[in-house]
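**Student:** Dropping the structure in here first, questions after.
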Amino acid sequence: MTSWIDGLSWICLVAGGAFCIVGAVGLLRMPDIYTRMHAASVIETLGVGLILLGLVLQACFTLVAIKLLIIALLILFASPTATHALARAAMIRGQKPVLAAAEDLPSKH
Amino acid sequence: MMFAVAAIALLVTLVFALLRAALGPTVFDRALAVNAIGTVSMLLLAVMGFLNGRPEFLDLAIVYGLLNVIGTIAVLKFFRYGDLGASTGRETST
């Protein structure tokens, strides 16, 4: 029983760490701000979700698990808000998407 | 052992995000990288609490996450409007 939970926890933690590294490599290598935002959101959804799930499996049904759930809810509500504000601020301040076709860009009027 | 693996992966993530914050050509890249650094260090606090057998670190992680949200929104509002205060009614054209 315990080894079963441990194995599941191993899988969640390693997969979460791998998704975090993938997101960070994307954050470093993507060409412009919008695609970097896309890469960073991998960290904030799959990375955070899997790592916190692995920790919850280790904590069983205690107050610690409730705190981990609060952290997960906080990140799941806050990081899309921050990403939306960031994209809007970047668009208003005139950052152009590098990879967009010319007719998809917002017109200046 | 599993917590150590997760902590090492999070540290590598932290280094990459720090590189982006140092390199980032625009201020928005830096804000994005700082936001990612805040999220990852929140996770790192939680994992380090488990690694040391002291899950009280989760409270610190919650506080750090709240500060991170407020900080990011404040910095973005500053760089969007060039001001943190309330508008006085005549500058609502943006």
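As shown in the structure tokens, the chain order sets the letters A, B, ...; within each chain, residues go from 1, and ligands are also counted from 1 in the order they appear.
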Pick out the chain A residues within 8 Å of chain B. Count only C-alpha atoms. Give them as a PyMOL selection string.

**Tutor:** chain A and resi 10+13-14+16-18+20-21+23-25+27-28+33+36-37+40+43-44+48+51-52+55+64+67-68+70-71+74-75+78-79+82-83+85-86+89-90+92-93

**Student:** Could you write out that same residue set with N, CA and C atoms as a short mmCIF file (atom, residue, chain, number, x, y, z; two decimals), in the first residue's frame?

**Tutor:**
data_model
loop_
_atom_site.label_atom_id
_atom_site.label_comp_id
_atom_site.auth_asym_id
_atom_site.auth_seq_id
_atom_site.Cartn_x
_atom_site.Cartn_y
_atom_site.Cartn_z
N TRP A 10 6.48 9.28 -6.80
CA TRP A 10 7.69 9.39 -7.62
C TRP A 10 7.33 9.84 -9.03
N LEU A 13 6.21 13.51 -9.09
CA LEU A 13 7.27 14.49 -8.85
C LEU A 13 8.25 14.57 -10.01
N VAL A 14 8.61 13.39 -10.57
CA VAL A 14 9.57 13.42 -11.68
C VAL A 14 8.94 14.04 -12.92
N GLY A 16 6.50 16.24 -12.96
CA GLY A 16 6.37 17.67 -12.71
C GLY A 16 7.69 18.40 -12.87
N GLY A 17 8.77 17.80 -12.36
CA GLY A 17 10.09 18.41 -12.54
C GLY A 17 10.48 18.48 -14.00
N ALA A 18 10.15 17.42 -14.76
CA ALA A 18 10.47 17.43 -16.19
C ALA A 18 9.69 18.52 -16.91
N CYS A 20 8.62 21.28 -15.59
CA CYS A 20 9.20 22.56 -15.19
C CYS A 20 10.42 22.87 -16.03
N ILE A 21 11.30 21.85 -16.23
CA ILE A 21 12.52 22.11 -17.01
C ILE A 21 12.18 22.42 -18.46
N GLY A 23 9.44 23.80 -19.58
CA GLY A 23 8.93 25.17 -19.63
C GLY A 23 10.04 26.19 -19.51
N ALA A 24 11.03 25.90 -18.68
CA ALA A 24 12.13 26.86 -18.52
C ALA A 24 12.97 26.94 -19.77
N VAL A 25 13.20 25.80 -20.44
CA VAL A 25 13.96 25.83 -21.70
C VAL A 25 13.19 26.63 -22.74
N LEU A 27 11.10 29.03 -22.06
CA LEU A 27 11.21 30.43 -21.63
C LEU A 27 12.52 31.04 -22.11
N LEU A 28 13.56 30.21 -22.18
CA LEU A 28 14.86 30.73 -22.58
C LEU A 28 15.00 30.83 -24.10
N ILE A 33 7.86 37.72 -26.74
CA ILE A 33 7.25 37.71 -25.41
C ILE A 33 6.03 36.80 -25.35
N ARG A 36 7.03 33.18 -25.26
CA ARG A 36 7.65 32.89 -23.96
C ARG A 36 6.59 32.74 -22.88
N MET A 37 5.53 33.56 -22.99
CA MET A 37 4.43 33.44 -22.05
C MET A 37 3.77 32.07 -22.14
N ALA A 40 6.00 29.65 -20.42
CA ALA A 40 5.99 29.78 -18.96
C ALA A 40 4.71 29.22 -18.36
N ILE A 43 4.94 25.72 -16.93
CA ILE A 43 5.40 25.61 -15.54
C ILE A 43 4.24 25.78 -14.59
N GLU A 44 3.37 26.77 -14.90
CA GLU A 44 2.36 27.14 -13.92
C GLU A 44 1.14 26.23 -13.94
N VAL A 48 3.37 22.80 -11.72
CA VAL A 48 2.84 23.03 -10.37
C VAL A 48 1.85 21.94 -9.99
N ILE A 51 3.68 18.47 -9.34
CA ILE A 51 4.53 18.46 -8.14
C ILE A 51 3.67 18.54 -6.88
N LEU A 52 2.65 19.40 -6.90
CA LEU A 52 1.79 19.49 -5.71
C LEU A 52 1.00 18.21 -5.51
N LEU A 55 3.25 15.86 -3.76
CA LEU A 55 3.39 16.18 -2.34
C LEU A 55 2.14 15.81 -1.56
N VAL A 64 -1.65 19.50 6.20
CA VAL A 64 -0.66 19.81 5.19
C VAL A 64 -1.25 19.67 3.78
N LYS A 67 -3.29 22.67 3.03
CA LYS A 67 -2.45 23.83 2.66
C LYS A 67 -1.93 23.70 1.24
N LEU A 68 -1.54 22.48 0.86
CA LEU A 68 -1.07 22.28 -0.52
C LEU A 68 -2.18 22.57 -1.51
N ILE A 70 -4.58 24.72 -1.02
CA ILE A 70 -4.73 26.18 -1.07
C ILE A 70 -3.68 26.78 -1.99
N ILE A 71 -2.43 26.25 -1.91
CA ILE A 71 -1.37 26.76 -2.80
C ILE A 71 -1.73 26.50 -4.25
N LEU A 74 -4.40 28.88 -5.35
CA LEU A 74 -3.84 30.24 -5.49
C LEU A 74 -3.11 30.38 -6.82
N ILE A 75 -2.27 29.39 -7.16
CA ILE A 75 -1.52 29.50 -8.41
C ILE A 75 -2.47 29.38 -9.60
N ALA A 78 -4.19 32.76 -9.85
CA ALA A 78 -3.39 33.97 -9.97
C ALA A 78 -2.56 34.00 -11.24
N SER A 79 -2.04 32.85 -11.67
CA SER A 79 -1.10 32.93 -12.79
C SER A 79 -1.79 33.22 -14.13
N ALA A 82 -2.16 37.00 -14.02
CA ALA A 82 -0.90 37.71 -14.27
C ALA A 82 -0.52 37.61 -15.74
N THR A 83 -0.73 36.43 -16.35
CA THR A 83 -0.37 36.27 -17.75
C THR A 83 -1.24 37.15 -18.64
N ALA A 85 -2.72 39.98 -17.76
CA ALA A 85 -2.31 41.37 -17.58
C ALA A 85 -1.03 41.65 -18.33
N LEU A 86 -0.11 40.67 -18.31
CA LEU A 86 1.17 40.84 -18.99
C LEU A 86 0.98 40.96 -20.50
N ALA A 89 -0.65 44.33 -21.27
CA ALA A 89 0.29 45.44 -21.13
C ALA A 89 1.28 45.45 -22.27
N ALA A 90 1.78 44.26 -22.66
CA ALA A 90 2.75 44.20 -23.76
C ALA A 90 2.11 44.64 -25.06
N ILE A 92 -0.48 46.70 -25.41
CA ILE A 92 -0.76 48.14 -25.39
C ILE A 92 0.52 48.94 -25.59
N ARG A 93 1.63 48.44 -25.03
CA ARG A 93 2.88 49.16 -25.19
C ARG A 93 3.57 48.87 -26.52
#

**Student:** Counting only C-alpha atoms, what is within 10 Å of A:Leu99, bar same-chain residues fewer than 3 positions away, as JSON, numbers by chain?

**Tutor:** {"A": [31, 32, 34, 35, 96, 102]}

**Student:** Export, as a compact mmCIF listing (two decimals), in the first residue's frame, the selected residues with N, CA and C atoms.

**Tutor:**
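Saved file out.txt follows:
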# COMPACT_ATOMS: atom_id res chain seq x y z
N PRO A 31 11.14 32.94 -29.32
CA PRO A 31 11.60 34.18 -29.96
C PRO A 31 11.02 35.48 -29.41
N ASP A 32 9.76 35.51 -28.97
CA ASP A 32 9.24 36.80 -28.51
C ASP A 32 8.41 36.62 -27.25
N TYR A 34 5.25 36.75 -26.43
CA TYR A 34 4.00 35.98 -26.36
C TYR A 34 4.27 34.48 -26.34
N THR A 35 5.24 34.03 -27.13
CA THR A 35 5.56 32.60 -27.11
C THR A 35 6.27 32.23 -25.81
N LYS A 96 5.15 43.72 -30.87
CA LYS A 96 4.55 42.97 -31.97
C LYS A 96 4.86 41.48 -31.84
N ALA A 102 1.25 39.06 -41.35
CA ALA A 102 1.13 40.52 -41.37
C ALA A 102 -0.33 40.97 -41.23

**Student:** Which residues come within 8 Å of A:Gln58, counting only C-alpha atoms, excluding same-chain residues fewer than 2 positions away, as a ChimeraX atom specification?

**Tutor:** /A:5-6,9,54-56,60

**Student:** Have a look at A:Leu53, A:Leu46, A:Ala39, A:Arg29 and name the one nearest to A:Ile11; count only C-alpha atoms.

**Tutor:**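 Smallest separation from A:Ile11 among the options: A:Leu53.
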
**Student:** Would you please give, as number ranges by chain, all residues of chain A that DSSP assigns to helix (DSSP H, G or I) based on the backbone?

**Tutor:** A: 2-29, 33-59, 63-92, 102-104

**Student:** For a test of reading the model, state the distance in Å between atom CA of A:Met91 and atom CA of A:Gly49, rounded to one decimal.

**Tutor:** 28.8 Å

**Student:** To one decimal place in Å, what is the distance between atom CA of B:Leu60 and atom CA of B:Met48?

**Tutor:**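 Distance reported for this atom pair: 11.3 Å.
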
**Student:** Would you mind telling me which residue in A:Arg88, A:Ala59, A:His38, A:Gly47 lies nearest to B:Arg54 when using only C-alpha atoms?

**Tutor:** A:Ala59

**Student:** Atom CA of A:Leu57 and atom CA of A:Trp4, how far apart in Å?

**Tutor:**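 We find that atom CA of A:Trp4 and atom CA of A:Leu57 lie 10.4 Å from each other.
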